[in-house]
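S.K.: Sharing a structure with you now.
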Amino acid sequence: MAKLILLWLKCIILYNAVDAVFEDQVGKFDWRQQYVGKVRFSHFDTHVQSSKKVLVATENNVFAALNTRTGELFWRHVDKSGPEGNIDALLHHGQDAILVVGNGRLLRSWDVNVGGLNWEIVLDSGSFQKACLVGQQGTVKHVAVLKKNIISLHYLSNGHQKWIENLPDSETVDYQTVYSGGNGEVYALGIVPHSHIVIIAYSTDDGEIIKQISVEAPWLSNIVASCAVIGQGVLICVDSATPSLYMYNLNPNMDDLQMTQIPLQSLGLEVAPDFQPVLVSHQPNSAHQPLSEFFLQLGPDNFLLLQFNNGQIVTLRDFKPALLVSFATTGEKTIAAVMSPKNKTASSINLFSAETGRRLLDTTLIFVMDPNGGKPEKIYIQPFLKKDDSVGYRAMVQTEDHTLTFIQQPGRVMWTREEALSDVVTMEMVDLPLTGTQAELEGEFGKKAAIQDGLMSMVFKRLSSQLILLQAWISHLWKLFYDARKPRSQVKNEVTIENLSRDEFNLQKMMVMVTASGKLFGIDSKTGSILWRHYLNDVPSNAAFKLMVQRTTAHFPHPPQCTLLIKDKDTGLTTLHVFNPIFGKKSHVTPPALPQPILQSLLLPLMDQDYAKVLLLVDDQYKVSAFPSTKNVLQQLQEMASSIFFYLVDSSQGRLSGYRLRTDLSTEQIWEVVIPMEIQRIVSVKGKRPNEHVHSQGRVMGDRSVLYKYLNPNLLAVVTESTDTHQERSFVGIILIDGVTGRIIHEAVQRKARGPVHIVHSENWVVYEYWSTKSRRNEFSVIELYEGMELYNSTVFSSLDRPHAPQVLQQSYIFPSAISTMEATLTEKGITSRHLLIGLPSGGILSLPKMFLDPRRPEIVSEQSREENLIPYAPELMIRTEWFINYNQSISRVQGIHTSPSGLESTCLVVAYGLDIYQTRVYPSKQFDVLKDDYDYMLISSVLLALFFATMISKRLAEVKLLNRAWR
Amino acid sequence: MARVVQSKVAVVSTVFFVCLHFACCNNGRRVGDALETEFSGFSVPLEHSFEVDDVAKFQVRGALLLKPGREPSVSLSQNPLSDEDRTKLKEVAAVDGLYRIRVPRVFLQADRQTERQMEGYLTAFVRACAMVESHLSDVIALHTDVSGYLIGVSIVTLPGACRGTEVEDEVDLEIFNTTLSIMAPVNAPGPETAFFLERMEQESEKKGKNPQEQKSFIAKYWYLILGGAIFLMVTNSAQPPAGGGREQS
């Protein structure tokens, strides 16, 4: 019988581990947003008039088509990250999009309509310069690819190589660009800086060199930056030193060896000081010549539309001030779009005829700039012909903060895409504030109020607040009733910043996301809608970010406060951005100026009188500054100084050192551990999360004794990798160090192993994953620390008073997949069992019960281990499909997983971010504290009612019976 | 060497791990006869510092005799605390100061003396009061990395707590009672595939030996089921006339 019960219990436990969504739950608790990244190349699909596509190739190696009506993705292709998948060029012709990928390694053709691959060919790798489409007699049939020493021509239809030629003198000449004007010739343009230009004309048919000339140009250093081809094959260059325009006719019949110089002064033009002029030309169709009209930028806000006519240059129009210009063609008409600033918050876009420079009527479009966004960087124009043959257009504006905004005349924003979210660096989840009425209650019964007021006023306050509550409840009911009468489609539960409030179980939170571009976002975790955004202008490109919640929403009326630490990785100089995480507004609190590089920051559990946690910053002189640094804080710090310890890691020297705070806010070094750089280098140091709770102090063993956990909150897990990468000698080291005393608790080496190491450190365990070079597979290892059968000091843990070293248990397992990132679930009180959330390169998020990673899993099953519910040891960890928490919603390039507890003990909120963002909830021990969705309320209430009446009736009957008996 | 003979420290040796070697010598006798012939070892100073103003001023506490080899061992010879130091230690304990120790960074496996010493020190600390209250009984551990570089030192006292008990007897603070160990990193286990496979094989062998157990439920008890079915059929076919009879009556 006992065995049967055990078996039954086991079944329940295994059943508990199963954790998947039902079909009808899809999208109920979770959402996914897909991004593409910062746009590098963009083309509107114009081969069909009614096409709704815009093609984008991005810096995140993504090629995608967006719907111009909604901004949603039609299709998306995510290539390898890093330089291998880098998109070098995007050419668009008709239905085909030609992509050069990986520094000229691959040439691909995509079908624009469905996003399918037409063909792909592998080129000789490296040194890609330029690609262009080559047309002949009005049709485009080839694509030319120019590399440092080779030029090749490929068929557009199948990618096959038509011819390949070595470029002459490629050691001395720097070939930079390739041009074709549709007349059967391909020009490769090279330069010997400050000497001459080399022009080679190849025949499209067989790659024969038609002409090769060199033209003197001692003032020129870069063709791409300062030259363009216009009109009937005229190379035009601009020189800022003289300043003048130089022209050269590429036509093979001409045999000049000099460029014609036209001083800008003769045209009545002047270059802004310290500005390198830029030329912008336009070739509407690769099979035809470029336009004779071109833009010349003479200053940061000054553009000129010029025309080349019979060897003469004519100024068509002067645009000043102008921010951005762009050419676009529809049908036979080519227009020039100019964006010029209107006032501080808005710019206007106008269209001009490219041939005449005349302004087209009714083409003004107002672009309202977001005060929390960046400046416009690029505009892409989609023109179309209206019925009356006039030109209408839509514009896509790309701003510095990687945002794409699509606007229609006269300024209606059709959609915006926040592409900065494709590169989230760090995030936090902040509780939403209480509603107005809840806050009212809080405020009235706060501590201060109770002391000041007398008895009577307290009674009145109580009554008034109860009235307010009643009023709120009635209005809520009224709203419910009102909504119920309307058809369902009209009822909108839109979340705005005004009606944000905490729900019953605190399941809805504010996700504060920090992106690499320096733009901050506040996202509602329930719906995924962006509630606020804030762009930080002055963020260095190599910045490291650390986000800290100094004050939560629990301290009404003080607003919540987050602090973002932005550190320049090169100089170490740091700035602080203090803001309100609910509204995104910059706080009135002025952060301290930090003239010294900052080495370490730590958020203390100490609070000032306004309930803001104290942030300590340690500079390179080992001086400590506090923020906020009020008198109250400094006094508290002085009292606490001897118990505030911190550690510094210098991974470039392998040095870990511990410091103690002194009362005068200076520090003293108290311990030092040096790991020699010759053998191994420190790759990561991981502490525990400060908001983690551990519910049980120990584990009950089979014989009813307790094995106590070693719960050292100061423990650091240091991961090292060997400098020797030979597969026999490489190793991964794990060192557990107490961060206060510097005591090495445990030191282990995983031999014949290699990184990248992913590590999770929580409670009394450390889980890490590495690559085993010997067996060529990924392996997981788990270390658990136990104090033993009795606790040394059960009331409080102090690193200074734990003389006995803990027992260390370790076990390893084979994992059948590589992993991208790893995190552990986190719940309010830590009662719920823990799961590991593992982001796989395939896009899945695996929820692996920690139970499977337990070094006490027995190799031989005994009665006691069965009593303890330990799973017998198996060397391989399975991936069960029902463990994927994101079912078919793959997340590309997962970089991090953030877990946050909710108000329900059973529920943990999970956000996975990478190229995409995915939010969901997980229930590691099932929803033990929530009734199911399909719970039968009718049945339970009818049973209750029936029982109630039954008792009433039987009571009555019993009374009657008693009365009758008494009469007898 | 004369000083070494003076100090009389009890030898405590317990083995916790395979890699952990205790060897605490007070009289200069060497541990491990085999090593003696191979290599005599070398010594580095163990220094300590305890100041009322907490500015470290390190003084020699003793000499660590390190013996490299496959299983490195260490022994310590140390001087008793002088009268002056004793009172100072008590003073430092009274203001809750720190008792620090340091050892120079060394490379155990080097052949020449010059290669052994490296720049810098490894430091650790305990609270001075814990040192006083434990009557100078401390546990010092030296940690090496895979190739024999000393990477860290740690010190704890036994008992470790500061309860504020007065140490009256000056003699208690004279002689260090040190437990010394040197630890190399543990080899972390890999996945135990061999054992698992062996067990699987054993299990399958077991199953193969008595095929009786492998049979399914139906195969085992087919006769009972058949018997039951026949019995049911017989009783079913016998019932209708009886029921019909009852209806008629």
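By order of appearance in the structure tokens: chains A, B, ..., then residues from 1 within every chain, and ligands from 1 in the order shown.
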Can you tell me, as a ChimeraX atom specification, what residues are no more than 9 Å from Pro243 of chain A when counting only C-alpha atoms, ignoring any on the same chain fewer than 5 positions away?
M.R.: /A:238,263-265,270-271
S.K.: Keeping C-alpha atoms, export the residues of the selection given above as a PDB file, in the first residue's frame.
M.R.:
```
ATOM      1  CA  VAL A 238      33.963  68.184 -54.876  1.00  0.00           C
ATOM      2  CA  PRO A 263      35.412  77.040 -58.623  1.00  0.00           C
ATOM      3  CA  LEU A 264      32.391  77.258 -56.395  1.00  0.00           C
ATOM      4  CA  GLN A 265      32.954  80.953 -56.160  1.00  0.00           C
ATOM      5  CA  GLU A 270      30.321  79.267 -50.341  1.00  0.00           C
ATOM      6  CA  VAL A 271      31.189  76.227 -48.206  1.00  0.00           C
TER       7      VAL A 271
END
```
S.K.: Select residues of chain A: the criterion is any atom within 7 Å of an atom of chain B, counting only C-alpha atoms; output as a list in words.
M.R.: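 Residues satisfying the distance criterion: Ile670, Trp671, Glu672, Val673, Val674, Ile675, Thr741, Gly742, Arg743, Ile744, Glu747, Ala748, Val749, Gln750, Asp801, Arg802, Pro803, Gln811, Ser812, Tyr813, Ile814, Ala874 and Pro875 of chain A.
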S.K.: At a cut-off of 8 Å, using only C-alpha atoms, what residues contact Val92 of chain B? Leave out same-chain residues fewer than 3 positions from it and give the result as a PDB file with C-alpha atoms, in the first residue's frame.
M.R.:
```
ATOM      1  CA  PHE B  50      46.858  44.599  14.079  1.00  0.00           C
ATOM      2  CA  GLU B  51      46.789  48.295  14.801  1.00  0.00           C
ATOM      3  CA  VAL B  52      44.423  50.445  16.773  1.00  0.00           C
ATOM      4  CA  LYS B  88      48.054  45.680  21.647  1.00  0.00           C
ATOM      5  CA  LEU B  89      45.919  42.834  20.354  1.00  0.00           C
ATOM      6  CA  VAL B  95      37.844  48.873  19.405  1.00  0.00           C
ATOM      7  CA  ASP B  96      36.678  46.107  17.059  1.00  0.00           C
ATOM      8  CA  GLY B  97      39.738  46.365  14.842  1.00  0.00           C
ATOM      9  CA  LEU B  98      40.966  43.809  12.379  1.00  0.00           C
ATOM     10  CA  ALA B 128      40.697  40.926  16.356  1.00  0.00           C
ATOM     11  CA  CYS B 129      38.162  40.156  19.082  1.00  0.00           C
TER      12      CYS B 129
END
```
S.K.: Using backbone DSSP assignments, extract all strand (DSSP E or B) residues from segment 43-232 of chain B; output them as a VMD selection string.
M.R.: chain B and resid 43 to 49 59 to 67 73 to 78 98 to 107 117 to 127 137 to 144 149 to 157 177 to 183 186 to 187
S.K.: Store the residues picked out above in a file with C-alpha atoms, as a CSV table (one decimal), in the first residue's frame.
M.R.:
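The resulting file, selection_25.csv, is shown below:
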```csv
chain,number,residue,atom,x,y,z
B,43,SER,CA,60.0,29.0,3.3
B,44,VAL,CA,58.1,32.2,2.9
B,45,PRO,CA,57.2,34.6,5.7
B,46,LEU,CA,53.7,34.7,7.2
B,47,GLU,CA,53.1,38.3,8.4
B,48,HIS,CA,50.4,39.8,10.5
B,49,SER,CA,49.2,43.2,11.4
B,59,GLN,CA,55.3,42.1,11.0
B,60,VAL,CA,56.6,38.6,10.7
B,61,ARG,CA,54.5,36.1,12.6
B,62,GLY,CA,56.2,33.0,11.4
B,63,ALA,CA,57.6,31.1,8.5
B,64,LEU,CA,55.7,28.9,6.2
B,65,LEU,CA,57.6,25.9,4.9
B,66,LEU,CA,56.1,25.0,1.6
B,67,LYS,CA,56.9,21.6,0.0
B,73,SER,CA,52.3,20.3,1.8
B,74,VAL,CA,52.9,23.1,4.2
B,75,SER,CA,54.1,23.5,7.7
B,76,LEU,CA,54.4,26.6,9.9
B,77,SER,CA,56.9,27.6,12.5
B,78,GLN,CA,55.8,30.7,14.4
B,98,LEU,CA,41.0,43.8,12.4
B,99,TYR,CA,43.6,41.2,12.6
B,100,ARG,CA,45.2,40.8,9.2
B,101,ILE,CA,47.6,38.3,7.8
B,102,ARG,CA,49.4,38.2,4.5
B,103,VAL,CA,51.6,35.9,2.5
B,104,PRO,CA,53.6,36.7,-0.6
B,105,ARG,CA,52.4,35.3,-3.9
B,106,VAL,CA,54.4,32.3,-4.8
B,107,PHE,CA,54.6,29.7,-7.5
B,117,GLN,CA,58.4,34.7,-5.8
B,118,MET,CA,56.0,37.0,-7.5
B,119,GLU,CA,55.1,40.5,-7.0
B,120,GLY,CA,52.4,41.3,-4.4
B,121,TYR,CA,50.7,39.7,-1.5
B,122,LEU,CA,47.6,37.8,-0.7
B,123,THR,CA,45.8,39.1,2.3
B,124,ALA,CA,43.0,38.0,4.6
B,125,PHE,CA,41.5,39.1,7.9
B,126,VAL,CA,39.5,38.2,11.0
B,127,ARG,CA,38.1,40.4,13.7
B,137,SER,CA,43.4,29.3,17.8
B,138,ASP,CA,43.0,29.9,14.1
B,139,VAL,CA,42.6,27.9,10.9
B,140,ILE,CA,44.6,29.1,8.0
B,141,ALA,CA,44.1,27.8,4.5
B,142,LEU,CA,46.2,28.4,1.5
B,143,HIS,CA,44.6,28.0,-1.9
B,144,THR,CA,46.5,27.2,-5.1
B,149,TYR,CA,50.2,29.3,-8.0
B,150,LEU,CA,49.1,30.5,-4.6
B,151,ILE,CA,45.9,32.5,-5.3
B,152,GLY,CA,44.4,33.1,-1.9
B,153,VAL,CA,44.7,32.7,1.8
B,154,SER,CA,41.9,32.6,4.3
B,155,ILE,CA,41.8,32.7,8.1
B,156,VAL,CA,39.0,31.8,10.5
B,157,THR,CA,39.1,31.4,14.2
B,177,ASN,CA,47.2,27.2,18.0
B,178,THR,CA,47.1,27.1,14.2
B,179,THR,CA,45.6,24.5,11.9
B,180,LEU,CA,47.2,24.9,8.5
B,181,SER,CA,46.2,23.5,5.2
B,182,ILE,CA,46.9,23.9,1.6
B,183,MET,CA,44.2,23.2,-0.9
B,186,VAL,CA,38.9,19.8,-6.8
B,187,ASN,CA,38.3,18.1,-10.1
```
S.K.: In terms of the shortest atom-to-atom distance over only C-alpha atoms, which of B:Ser134, B:Ile230, B:Gly208, B:Gly148 is closest to Glu166 of chain B?
M.R.: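 Under the stated criterion, the closest residue is B:Ser134.
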S.K.: Enter the distance from atom CA of Val413 of chain A to atom CA of Gly71 of chain A, in Å, rounded to one decimal.
M.R.: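 Distance between the two atoms: 10.9 Å.
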S.K.: Using Å and a single decimal, report how far atom CA of Thr832 of chain A sits from atom CA of Val894 of chain A.
M.R.: 25.6 Å
S.K.: I'd like the neighbourhood of segment 155-169 of chain A as a count of residues only, where a residue qualifies if any of its atoms comes within 10 Å (using only C-alpha atoms), though same-chain residues fewer than 2 positions away should be ignored.
M.R.: 46
S.K.: Do you have the atom CA of Thr364 of chain A-atom CA of Thr345 of chain A distance handy?
M.R.: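 Interatomic distance here is 16.2 Å.
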S.K.: Give me the residues near segment 382-397 of chain A as a list in words, where near means some atom within 7 Å (using only C-alpha atoms) and where sequence neighbours in that chain fewer than 3 positions away do not count.
M.R.: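 Counting only the stated atoms, we get Phe44, Ala328, Thr329, Thr330, Thr363, Pro376, Lys378, Ile379, Leu404, Thr405, Phe406, Ile407, Gln408 and Gln409 of chain A.
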S.K.: Enumerate, as an MDAnalysis selection string, the complete set of residues in segment 91-199 of chain B that a backbone-based DSSP assignment places in helix (DSSP H, G or I).
M.R.: chainID B and resid 91:94 113:116 128:133 170:173 193:199
S.K.: So, with only C-alpha atoms as the atoms that count, which of A:Ser170, A:Thr723, A:Ser705, A:Gln508 lies closest to Leu909 of chain A?
M.R.: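 Smallest separation from Leu909 of chain A among the options: A:Gln508.
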